[in-house]
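Asks: Following this message is one structure expressed as structure tokens.
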Amino acid sequence: MAPWILVAILAVSGAVSLGLLYNSLIVLPREMHRVYRETLLSLALLVESKQPSAKGHCERVADLSLRIGRAIRLSMADQHILEYAALMHDVGKVGVRADVLNKEGPLTPEEQQELQLHTLHSAAILDEISGEGLREMAELVGWHETPWEEVATGARLKRLVGVLAVAEAWDTLTHGRAYEAPLSAEEAKGRLLRGVGTLYCEEAVEALFAVTGIPGLLPELERVGGLA
Amino acid sequence: MSSDRVRKALEGLVVLGGVLALGSGINNGGLSHVPLAAVFVFVAALSVAFLLPFPMGMAGTSVHSVDFPISFSVLLLFGPTTAGLMSAATCWIAPVRLGRAGMQPWFLWMLVVNASTTILSTFAAGFAFEHLGGVFFEVKVGSASLLPALLAACTLICVHVVLMSADLALRMSSPVLRTALQTLCFSLPSSMLLTPFSLVIACFYPTSGVLALVPFLLPLFAAWHWMTKQSREWDLYRQTVEMLGHAMHRFHQYTSAHEEAVADFSVRIARKMQLPPETIIYLRYAGLLHDIGKIAWGERLLDKSTPLSPEEIATIRRHPNDSADCISRMRHFAPIVPWVRHHHERFDGGGYPDRLAGDGIPMGAAIITVADSFHAMQSPERPYKRPLTAQEALEEVQRCSGTQFNPQVADALALVVAEMT
């Protein structure tokens, strides 16, 4: 039998195999990421509809976190975790009463406490999910309201927590909440700068200003002593 | 009773035939010229070819074995005795790994019948191949052995399918011919598509040895990797959705036990109605998620003991739409969106949101309606009313059959309840 026929057949089957491997290593993860994103987003939007003033918050935070994450060159897997966590960070509001979420005046101490519980609720809901990347998402959500200094997790996750916290804070400051008017970009920037190193991760704040195009960061950071 | 006796006779004959064929083959030296190393290589290849998990997205995984190219190439190379022995030695892998039956006598007997069926069909194919002018170990590209090989493959599939479906049909007391034709429609084309692989192996093995298996094994491994990974990912995704659904429901008094029960009853009703398996799988998710829109409600709406304002009633009436909108954003749940949207329609057209009636209501929605009401009637949390027993709830469903509920579904529920008690 002519050996070149076997070689040709081998080449064809090799090509088919490579195609299948491409599917399993490249196409499938991309597709699954889209599916998860879609699912988490639809749940986030559902919870968000409980609180009209927060409309669009999750999606904006996810978008901003992702942009910051790319700017500080997070790995693809970390970017995905960050995005999932950003979409889900407020999911615990499902366990907070609508009257509290939508109250326009200042909250009573009990109401304040109930509202703050939502981070715990979020973490509890997400805790039920198993699976590699998704476990870390729960941890991320659990930490993101903690001041940056006090976040006690591995260096890699701490970086992600920093990004999520900064993106969340920025969006809340510039879009306001039910009981707080939105700040101008300049004012919001001042707030973040005051918290750099204690409340907020410096790297993330710096990257936030870079991706949102706010100039004049470095001298001010030096002035408040953010850069050692 | 008589069909059972026919089946036992048939199975006995098949096993006897298989043993006789194999025995006479070995007796006539059918194994003598096969090198031992080749046996190991082919058996190993055969066992990987079993159990390829074909992922079907949300609907789960269906497992198929693609051992045909290898076992058929062994036939073309070494003749029916070796091929029959090898297939008989490996054909138990799939049932044992898939079946959760344990090693009960009937299961072992089924394995023996399976093996004998495989041996008989292999011998039939070998007979056809030789009598059409084919020579074992001498298959050539484009030569006269191509047609005999194809016809032999046909014979193998036909004999195998006819024997298996005769057995299956007698077991399930369904018509033999129809079962056989249905199975043939699926397995004949797929095996014909795989035959070229056998021809390549049979053509090149005599000159190139094990290398001839590579063109088949390489894509097989790649496909196996792809499919396994895919079905694992989907399993994980399904789990995630279930967990999220449960966890979020937990924060509302509306407990996830209700969702779980609705999913369970919907699936049971659908089984009684003999709906396709895919529909049944989707129905489970529809049951779990049918009220997901309620998690965005304020607490007053869930507390049913106070009278509601007109706006609040409007919100309640909107919840099937809210749930459906949420689910419609997840592309892979597309089939259940209409079921969720219409799970508060009434058979007589008096429901909401779209006032659909009769057959205009998707069957999935009609099933969830019945399961939802049936379980809610038994709930201890009904204000003003005491919980009903399963029997009373069934009577209530039957009383409203044709007005509120689809009669077909109500009848199926009666079967489900009858089975429970």
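Convention: chains lettered A, B, ... in structure tokens order; per-chain residue numbering from 1; ligands numbered from 1 as shown.
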Using only C-alpha atoms, determine which residues lie at most 12 Å from Gly162 (chain A), disregarding the query and same-chain residues fewer than 2 positions distant; provide the list as number ranges by chain.
Replies: A: 65, 68-69, 72, 82, 86, 140-141, 143-153, 155-160, 164-169, 196-208
Asks: Counting only C-alpha atoms, a student should be able to say which residues of chain B come within 8 Å of chain A; what is the right answer, written as a PyMOL selection string?
Replies: chain B and resi 140-141+203-204+207+212+214-216+218-223+225-227+229-230+233+236-237+239-241+243-244+247-248+251-252+293+295-299+326-327+329-332
Asks: For the selection you just gave me, I'd like the residues written to a file as a compact mmCIF listing (two decimals), in the first residue's frame, keeping N, CA and C atoms.
Replies:
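Below you can see part-v2.txt, which holds the result:
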# COMPACT_ATOMS: atom_id res chain seq x y z
N LYS B 140 -7.86 -3.99 0.47
CA LYS B 140 -7.02 -3.02 -0.25
C LYS B 140 -7.85 -1.78 -0.59
N VAL B 141 -7.18 -0.63 -0.63
CA VAL B 141 -7.88 0.59 -1.01
C VAL B 141 -8.35 0.46 -2.45
N CYS B 203 -6.81 -1.71 6.05
CA CYS B 203 -5.90 -1.58 4.90
C CYS B 203 -4.45 -1.45 5.35
N PHE B 204 -4.24 -0.66 6.40
CA PHE B 204 -2.86 -0.30 6.71
C PHE B 204 -2.25 -1.12 7.82
N THR B 207 0.69 -3.57 6.79
CA THR B 207 1.98 -2.99 6.45
C THR B 207 2.51 -2.06 7.54
N ALA B 212 -1.62 2.21 12.07
CA ALA B 212 -2.88 2.27 11.35
C ALA B 212 -4.05 2.65 12.26
N VAL B 214 -3.81 4.95 14.56
CA VAL B 214 -3.70 6.35 14.96
C VAL B 214 -4.75 7.26 14.31
N PRO B 215 -5.02 7.12 12.99
CA PRO B 215 -6.01 8.01 12.40
C PRO B 215 -7.37 7.93 13.07
N PHE B 216 -7.67 6.82 13.73
CA PHE B 216 -8.94 6.73 14.44
C PHE B 216 -8.81 7.17 15.90
N LEU B 218 -6.60 9.12 17.39
CA LEU B 218 -6.29 10.53 17.64
C LEU B 218 -7.55 11.38 17.76
N PRO B 219 -8.40 11.36 16.70
CA PRO B 219 -9.64 12.14 16.85
C PRO B 219 -10.53 11.62 17.96
N LEU B 220 -10.47 10.31 18.22
CA LEU B 220 -11.30 9.76 19.29
C LEU B 220 -10.92 10.37 20.64
N PHE B 221 -9.61 10.42 20.89
CA PHE B 221 -9.15 11.00 22.15
C PHE B 221 -9.53 12.48 22.23
N ALA B 222 -9.31 13.19 21.12
CA ALA B 222 -9.63 14.62 21.12
C ALA B 222 -11.12 14.82 21.37
N ALA B 223 -11.94 13.99 20.70
CA ALA B 223 -13.39 14.12 20.87
C ALA B 223 -13.78 13.79 22.30
N HIS B 225 -11.95 14.11 24.98
CA HIS B 225 -11.53 15.23 25.83
C HIS B 225 -12.55 16.36 25.77
N TRP B 226 -12.91 16.70 24.54
CA TRP B 226 -13.84 17.80 24.32
C TRP B 226 -15.19 17.52 24.97
N MET B 227 -15.69 16.31 24.71
CA MET B 227 -17.04 16.00 25.18
C MET B 227 -17.08 15.86 26.70
N LYS B 229 -15.11 17.28 28.87
CA LYS B 229 -14.97 18.60 29.47
C LYS B 229 -16.29 19.37 29.37
N GLN B 230 -16.90 19.26 28.18
CA GLN B 230 -18.14 19.97 27.96
C GLN B 230 -19.23 19.50 28.91
N GLU B 233 -18.54 20.75 32.40
CA GLU B 233 -18.84 22.18 32.55
C GLU B 233 -20.34 22.41 32.68
N LEU B 236 -21.69 21.45 36.02
CA LEU B 236 -21.34 22.48 36.98
C LEU B 236 -22.29 23.67 36.85
N TYR B 237 -22.58 24.02 35.62
CA TYR B 237 -23.46 25.17 35.37
C TYR B 237 -24.86 24.88 35.90
N GLN B 239 -25.68 22.84 38.25
CA GLN B 239 -25.61 22.89 39.72
C GLN B 239 -25.64 24.32 40.21
N THR B 240 -24.84 25.16 39.53
CA THR B 240 -24.76 26.56 39.94
C THR B 240 -26.13 27.21 39.90
N VAL B 241 -26.84 26.99 38.80
CA VAL B 241 -28.15 27.60 38.67
C VAL B 241 -29.09 27.11 39.77
N MET B 243 -28.30 25.91 42.73
CA MET B 243 -27.87 26.45 44.01
C MET B 243 -28.28 27.90 44.17
N LEU B 244 -28.02 28.70 43.13
CA LEU B 244 -28.36 30.11 43.20
C LEU B 244 -29.85 30.28 43.41
N ALA B 247 -30.68 29.31 47.00
CA ALA B 247 -30.14 30.24 47.98
C ALA B 247 -30.93 31.53 47.98
N MET B 248 -31.33 31.98 46.79
CA MET B 248 -32.03 33.25 46.74
C MET B 248 -33.45 33.11 47.26
N PHE B 251 -34.13 33.50 51.13
CA PHE B 251 -34.24 34.77 51.80
C PHE B 251 -35.65 35.31 51.77
N HIS B 252 -36.53 34.60 51.12
CA HIS B 252 -37.92 34.99 51.18
C HIS B 252 -38.68 33.89 51.88
N GLY B 293 -39.16 35.44 39.77
CA GLY B 293 -39.46 36.87 39.73
C GLY B 293 -39.91 37.41 41.07
N ILE B 295 -38.59 37.09 43.89
CA ILE B 295 -37.56 37.49 44.85
C ILE B 295 -37.34 38.99 44.84
N ALA B 296 -37.84 39.67 43.81
CA ALA B 296 -37.67 41.12 43.78
C ALA B 296 -38.84 41.84 44.45
N TRP B 297 -39.79 41.08 44.98
CA TRP B 297 -40.94 41.72 45.62
C TRP B 297 -40.57 42.29 46.97
N GLY B 298 -41.30 43.34 47.38
CA GLY B 298 -41.22 43.79 48.76
C GLY B 298 -41.89 42.75 49.64
N GLU B 299 -41.68 42.89 50.95
CA GLU B 299 -42.15 41.82 51.84
C GLU B 299 -43.65 41.81 52.01
N CYS B 326 -36.50 37.39 33.42
CA CYS B 326 -35.20 37.06 34.03
C CYS B 326 -34.61 35.84 33.34
N ILE B 327 -35.43 34.81 33.14
CA ILE B 327 -34.91 33.58 32.55
C ILE B 327 -34.56 33.77 31.08
N ARG B 329 -33.05 36.03 29.76
CA ARG B 329 -31.70 36.56 29.57
C ARG B 329 -30.66 35.45 29.58
N MET B 330 -31.06 34.24 30.04
CA MET B 330 -30.12 33.12 29.99
C MET B 330 -30.48 32.31 28.75
N ARG B 331 -29.66 32.42 27.74
CA ARG B 331 -30.00 31.86 26.44
C ARG B 331 -30.32 30.37 26.50
N HIS B 332 -29.62 29.66 27.40
CA HIS B 332 -29.77 28.21 27.38
C HIS B 332 -31.05 27.73 28.05
Asks: If we count only C-alpha atoms and set the cut-off at 9 Å, which residues sit around region 167-174 of chain B, ignoring sequence neighbours fewer than 3 positions away in its own chain? Please answer as a list in words.
Replies: Ser3, Asp4, Val6, Arg7, Lys8, Leu10, Glu11, Val162, Leu163, Met164, Leu177, Arg178, Thr179 and Ala180 of chain B
Asks: Please list as a PyMOL selection string every residue within 12 Å of Asp171 (chain A), counting only C-alpha atoms and excluding residues in the same chain fewer than 2 positions away.
Replies: chain A and resi 54-65+86+164-169+173-177+182-185+188-189+192+208+212
Asks: Write out as a count of residues only each polymer residue whose atoms come within 12 Å of Trp339 (chain B), counting only C-alpha atoms; drop sequence neighbours fewer than 2 positions from it.
Replies: 39
Asks: Distance CA of Ser62 (chain B)-CA of Cys185 (chain B), one decimal place?
Replies: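 Computed distance, CA of Ser62 (chain B) to CA of Cys185 (chain B), equals 17.8 Å.
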Asks: Which residues are near Phe129 (chain B)? Cut-off 7 Å, only C-alpha atoms, ignore same chain within fewer than 6 positions. Put them as a short mmCIF file (atom, residue, chain, number, x, y, z; two decimals) with C-alpha atoms, in the first residue's frame.
Replies:
data_model
loop_
_atom_site.label_atom_id
_atom_site.label_comp_id
_atom_site.auth_asym_id
_atom_site.auth_seq_id
_atom_site.Cartn_x
_atom_site.Cartn_y
_atom_site.Cartn_z
CA PRO B 148 -17.92 -6.76 0.44
CA ALA B 149 -16.65 -4.80 3.46
CA ALA B 152 -20.59 -6.93 5.71
#
